[in-house]
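A.B. asks: My structure is below; once you've seen it, I'll send some questions.
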Amino acid sequence: KRVDMGFLTTPFSVEPMKTGQVRALFTEKDAMEGPSELTIIAGRAPYIKANRAALVDYFEDTNRAMRWILDPKNRTAAIKIVADFTKRPESVFASWIFTKGDDYHAPDSRPDIAAMQKNLDIAKQLGVLKENIDVKAYSDLSIVDEAAARVH
């Protein structure tokens, strides 16, 4: 009872929300007027060119892992992996992780370019960014596409 207002992210918001210790005034989805895409993996062209094969392998592995994790038949095992890694009881994660209560995980590692553009446009309107950024001009998803083709 010492905080009047704060910013809580998953997983730190789950238990306080469940017990009624806190209540949401608004969510990131509310503030960003829909889906958001604020975390990406990016690289400069020379790095990508020099390491393209390894990057495609990385995204292939990531896609296979995400498909396994998000498959409902593997949920119990996936929760156990997270619990073991964090050294927390499985019950801490069971009600929300890898469900719609969790952050969205694109199974093919594909960023939502339209959502990212909207998020950056809002940031510009709020004065967080000084210039407009054209996301499509800086986006090359060919590595993700190549990795996804290997998984299908």
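Residue numbering restarts at 1 in every chain; chains get A, B, ... in the order shown in the structure tokens, and ligands count up from 1 in that same order.
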What lies within 8 Å of Ile69 in chain A using only C-alpha atoms, ignoring chain neighbours under 4 positions off, as a list of chain:residue names?
C.D. replies: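 So, after excluding close chain neighbours, the residues are A:Ala65, A:Asn74, A:Arg75, A:Ala78, A:Phe98.
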A.B. asks: Please identify every residue of range 37-126 of chain A that has at least one atom no farther than 12 Å from an atom of range 11-20 of chain A, counting only C-alpha atoms, and for each give the shortest atom pair and the distance in Å to one decimal, arranged by chain then increasing number, as a Markdown table.
C.D. replies:
| residue | atom | partner | partner_atom | distance |
| --- | --- | --- | --- | --- |
| A:Val82 | CA | A:Pro11 | CA | 11.7 |
| A:Thr86 | CA | A:Pro11 | CA | 11.4 |
| A:Arg88 | CA | A:Pro11 | CA | 11.6 |
| A:Ser91 | CA | A:Glu15 | CA | 10.8 |
| A:Val92 | CA | A:Glu15 | CA | 7.9 |
| A:Phe93 | CA | A:Pro11 | CA | 8.2 |
| A:Ala94 | CA | A:Val14 | CA | 11.0 |
| A:Ser95 | CA | A:Val14 | CA | 9.1 |
| A:Trp96 | CA | A:Val14 | CA | 8.0 |
| A:Ile97 | CA | A:Pro11 | CA | 8.6 |
| A:Phe98 | CA | A:Pro11 | CA | 11.7 |
| A:Gly101 | CA | A:Val14 | CA | 9.0 |
| A:Asp102 | CA | A:Pro11 | CA | 8.5 |
| A:Asp103 | CA | A:Pro11 | CA | 9.8 |
A.B. asks: To one decimal place in Å, what is the distance between CA of Ile143 in chain A and CA of Lys118 in chain A?
C.D. replies: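 Computed distance, CA of Ile143 in chain A to CA of Lys118 in chain A, equals 23.4 Å.
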A.B. asks: Rounded to one decimal place, report the CA of Asp108 in chain A-CA of Trp68 in chain A distance in Å.
C.D. replies: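 Between these atoms lies a distance of 11.6 Å.
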A.B. asks: Contacts of Arg150 in chain A at 10 Å or less, counting only C-alpha atoms, minus same-chain residues fewer than 3 places along, as a list in words?
C.D. replies: Val56, Asp57, Phe59, Glu60, Asp61, Asn63, Arg64, Asp145, Glu146 and Ala147 of chain A
A.B. asks: Would you save the residues of that selection, restricted to N, CA, C and O atoms, as a PDB file, in the first residue's frame?
C.D. replies:
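Output saved as out15.pdb:
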ATOM      1  N   VAL A  56      19.577 -17.075 -40.501  1.00  0.00           N
ATOM      2  CA  VAL A  56      18.469 -17.915 -40.969  1.00  0.00           C
ATOM      3  C   VAL A  56      18.350 -19.142 -40.055  1.00  0.00           C
ATOM      4  O   VAL A  56      17.246 -19.510 -39.649  1.00  0.00           O
ATOM      5  N   ASP A  57      19.477 -19.755 -39.711  1.00  0.00           N
ATOM      6  CA  ASP A  57      19.457 -20.899 -38.787  1.00  0.00           C
ATOM      7  C   ASP A  57      18.842 -20.502 -37.448  1.00  0.00           C
ATOM      8  O   ASP A  57      18.039 -21.241 -36.872  1.00  0.00           O
ATOM      9  N   PHE A  59      16.662 -18.071 -36.782  1.00  0.00           N
ATOM     10  CA  PHE A  59      15.213 -17.901 -36.886  1.00  0.00           C
ATOM     11  C   PHE A  59      14.502 -19.224 -37.132  1.00  0.00           C
ATOM     12  O   PHE A  59      13.376 -19.421 -36.659  1.00  0.00           O
ATOM     13  N   GLU A  60      15.138 -20.146 -37.827  1.00  0.00           N
ATOM     14  CA  GLU A  60      14.541 -21.477 -37.984  1.00  0.00           C
ATOM     15  C   GLU A  60      14.405 -22.145 -36.619  1.00  0.00           C
ATOM     16  O   GLU A  60      13.345 -22.684 -36.280  1.00  0.00           O
ATOM     17  N   ASP A  61      15.474 -22.096 -35.820  1.00  0.00           N
ATOM     18  CA  ASP A  61      15.422 -22.675 -34.471  1.00  0.00           C
ATOM     19  C   ASP A  61      14.363 -21.985 -33.616  1.00  0.00           C
ATOM     20  O   ASP A  61      13.610 -22.642 -32.886  1.00  0.00           O
ATOM     21  N   ASN A  63      11.672 -20.399 -34.658  1.00  0.00           N
ATOM     22  CA  ASN A  63      10.344 -20.785 -35.135  1.00  0.00           C
ATOM     23  C   ASN A  63       9.959 -22.176 -34.644  1.00  0.00           C
ATOM     24  O   ASN A  63       8.823 -22.401 -34.212  1.00  0.00           O
ATOM     25  N   ARG A  64      10.882 -23.116 -34.726  1.00  0.00           N
ATOM     26  CA  ARG A  64      10.577 -24.477 -34.239  1.00  0.00           C
ATOM     27  C   ARG A  64      10.273 -24.465 -32.741  1.00  0.00           C
ATOM     28  O   ARG A  64       9.329 -25.114 -32.288  1.00  0.00           O
ATOM     29  N   ASP A 145      11.442 -15.033 -43.677  1.00  0.00           N
ATOM     30  CA  ASP A 145      10.709 -15.823 -44.679  1.00  0.00           C
ATOM     31  C   ASP A 145      11.477 -17.107 -45.029  1.00  0.00           C
ATOM     32  O   ASP A 145      10.872 -18.175 -45.133  1.00  0.00           O
ATOM     33  N   GLU A 146      12.783 -16.993 -45.213  1.00  0.00           N
ATOM     34  CA  GLU A 146      13.596 -18.168 -45.549  1.00  0.00           C
ATOM     35  C   GLU A 146      13.554 -19.192 -44.407  1.00  0.00           C
ATOM     36  O   GLU A 146      13.421 -20.393 -44.646  1.00  0.00           O
ATOM     37  N   ALA A 147      13.645 -18.710 -43.178  1.00  0.00           N
ATOM     38  CA  ALA A 147      13.590 -19.619 -42.027  1.00  0.00           C
ATOM     39  C   ALA A 147      12.221 -20.289 -41.931  1.00  0.00           C
ATOM     40  O   ALA A 147      12.127 -21.494 -41.689  1.00  0.00           O
TER      41      ALA A 147
END
A.B. asks: Hey, can you check how far CA of Arg2 in chain A sits from CA of Thr27 in chain A?
C.D. replies: 21.2 Å
A.B. asks: Using only C-alpha atoms for the distances, tell me which of A:Lys100, A:Met5, A:Phe26, A:Ala31 is nearest to Ala123 in chain A.
C.D. replies: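 Of A:Lys100, A:Met5, A:Phe26, A:Ala31, the one nearest Ala123 in chain A, counting only C-alpha atoms, is A:Ala31.
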A.B. asks: As number ranges by chain, list the residues of chain A assigned to helix (DSSP H, G or I) by DSSP on the backbone atoms of this structure.
C.D. replies: A: 14-19, 28-31, 45-70, 72-86, 91-94, 113-125, 135-138, 142-151
A.B. asks: Given the selection you just returned, output its residues as a file containing C-alpha atoms, formatted as an mmCIF file, in the first residue's frame.
C.D. replies:
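Saved result, out-v9.cif, follows:
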data_model
loop_
_atom_site.group_PDB
_atom_site.id
_atom_site.type_symbol
_atom_site.label_atom_id
_atom_site.label_comp_id
_atom_site.auth_asym_id
_atom_site.auth_seq_id
_atom_site.Cartn_x
_atom_site.Cartn_y
_atom_site.Cartn_z
ATOM 1 C CA VAL A 14 -0.330 -11.194 -12.824
ATOM 2 C CA GLU A 15 -0.457 -12.003 -9.112
ATOM 3 C CA PRO A 16 -1.374 -8.491 -7.888
ATOM 4 C CA MET A 17 -4.179 -8.325 -10.473
ATOM 5 C CA LYS A 18 -5.408 -11.796 -9.505
ATOM 6 C CA THR A 19 -5.501 -10.962 -5.776
ATOM 7 C CA GLU A 28 -0.428 -0.626 -23.419
ATOM 8 C CA LYS A 29 -2.997 -1.796 -25.964
ATOM 9 C CA ASP A 30 -5.290 1.055 -24.874
ATOM 10 C CA ALA A 31 -2.490 3.621 -25.030
ATOM 11 C CA ALA A 45 23.290 -4.602 -43.508
ATOM 12 C CA PRO A 46 27.031 -5.488 -43.298
ATOM 13 C CA TYR A 47 26.428 -7.721 -40.265
ATOM 14 C CA ILE A 48 23.449 -9.405 -41.902
ATOM 15 C CA LYS A 49 25.403 -9.993 -45.120
ATOM 16 C CA ALA A 50 28.356 -11.529 -43.233
ATOM 17 C CA ASN A 51 26.153 -13.714 -41.015
ATOM 18 C CA ARG A 52 23.076 -14.425 -43.118
ATOM 19 C CA ALA A 53 23.293 -18.232 -42.934
ATOM 20 C CA ALA A 54 23.637 -18.183 -39.150
ATOM 21 C CA LEU A 55 20.743 -15.728 -38.846
ATOM 22 C CA VAL A 56 18.469 -17.915 -40.969
ATOM 23 C CA ASP A 57 19.457 -20.899 -38.787
ATOM 24 C CA TYR A 58 18.695 -18.827 -35.660
ATOM 25 C CA PHE A 59 15.213 -17.901 -36.886
ATOM 26 C CA GLU A 60 14.541 -21.477 -37.984
ATOM 27 C CA ASP A 61 15.422 -22.675 -34.471
ATOM 28 C CA THR A 62 13.327 -19.886 -32.943
ATOM 29 C CA ASN A 63 10.344 -20.785 -35.135
ATOM 30 C CA ARG A 64 10.577 -24.477 -34.239
ATOM 31 C CA ALA A 65 10.833 -23.617 -30.535
ATOM 32 C CA MET A 66 7.878 -21.213 -30.671
ATOM 33 C CA ARG A 67 5.720 -23.744 -32.507
ATOM 34 C CA TRP A 68 6.554 -26.366 -29.867
ATOM 35 C CA ILE A 69 5.963 -23.973 -26.964
ATOM 36 C CA LEU A 70 2.652 -22.691 -28.355
ATOM 37 C CA PRO A 72 -1.337 -26.853 -26.479
ATOM 38 C CA LYS A 73 -0.170 -30.469 -26.123
ATOM 39 C CA ASN A 74 3.242 -29.178 -24.935
ATOM 40 C CA ARG A 75 1.954 -26.487 -22.557
ATOM 41 C CA THR A 76 2.630 -28.421 -19.338
ATOM 42 C CA ALA A 77 6.208 -29.171 -20.386
ATOM 43 C CA ALA A 78 6.721 -25.566 -21.548
ATOM 44 C CA ILE A 79 5.506 -24.237 -18.195
ATOM 45 C CA LYS A 80 7.882 -26.606 -16.419
ATOM 46 C CA ILE A 81 10.809 -25.276 -18.478
ATOM 47 C CA VAL A 82 9.953 -21.684 -17.520
ATOM 48 C CA ALA A 83 9.416 -22.619 -13.864
ATOM 49 C CA ASP A 84 12.720 -24.495 -13.683
ATOM 50 C CA PHE A 85 14.571 -21.622 -15.378
ATOM 51 C CA THR A 86 13.093 -18.961 -13.086
ATOM 52 C CA SER A 91 1.560 -22.533 -10.381
ATOM 53 C CA VAL A 92 2.900 -18.982 -10.789
ATOM 54 C CA PHE A 93 2.694 -19.391 -14.581
ATOM 55 C CA ALA A 94 -0.095 -21.932 -15.106
ATOM 56 C CA ILE A 113 5.219 -3.904 -39.459
ATOM 57 C CA ALA A 114 1.877 -2.048 -39.612
ATOM 58 C CA ALA A 115 1.571 -2.060 -35.799
ATOM 59 C CA MET A 116 5.164 -0.872 -35.453
ATOM 60 C CA GLN A 117 4.514 1.981 -37.892
ATOM 61 C CA LYS A 118 1.432 3.022 -35.922
ATOM 62 C CA ASN A 119 3.386 2.876 -32.639
ATOM 63 C CA LEU A 120 6.177 5.051 -34.032
ATOM 64 C CA ASP A 121 3.651 7.505 -35.470
ATOM 65 C CA ILE A 122 2.093 7.852 -32.004
ATOM 66 C CA ALA A 123 5.536 8.328 -30.464
ATOM 67 C CA LYS A 124 6.186 11.129 -32.988
ATOM 68 C CA GLN A 125 2.836 12.773 -32.172
ATOM 69 C CA VAL A 135 9.350 1.270 -41.010
ATOM 70 C CA LYS A 136 8.942 -0.400 -44.418
ATOM 71 C CA ALA A 137 12.000 1.452 -45.729
ATOM 72 C CA TYR A 138 14.128 -0.276 -43.086
ATOM 73 C CA SER A 142 13.637 -12.201 -46.195
ATOM 74 C CA ILE A 143 15.646 -13.936 -43.455
ATOM 75 C CA VAL A 144 12.455 -14.641 -41.494
ATOM 76 C CA ASP A 145 10.709 -15.823 -44.679
ATOM 77 C CA GLU A 146 13.596 -18.168 -45.549
ATOM 78 C CA ALA A 147 13.590 -19.619 -42.027
ATOM 79 C CA ALA A 148 9.805 -20.060 -42.060
ATOM 80 C CA ALA A 149 10.001 -21.906 -45.393
ATOM 81 C CA ARG A 150 12.359 -24.435 -43.795
ATOM 82 C CA VAL A 151 9.954 -25.071 -40.918
#
A.B. asks: Nearest to Leu25 in chain A among A:Ala106, A:Leu8, A:Ala42, A:Leu129, with distances taken over only C-alpha atoms: which residue is it?
C.D. replies: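 Going through A:Ala106, A:Leu8, A:Ala42, A:Leu129 one by one, the smallest distance to Leu25 in chain A is for A:Leu8.
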A.B. asks: For Ser36 in chain A, which residue out of A:Asp4, A:Asp112, A:Asp71, A:Glu90 is the nearest one, using only C-alpha atoms?
C.D. replies: A:Asp112
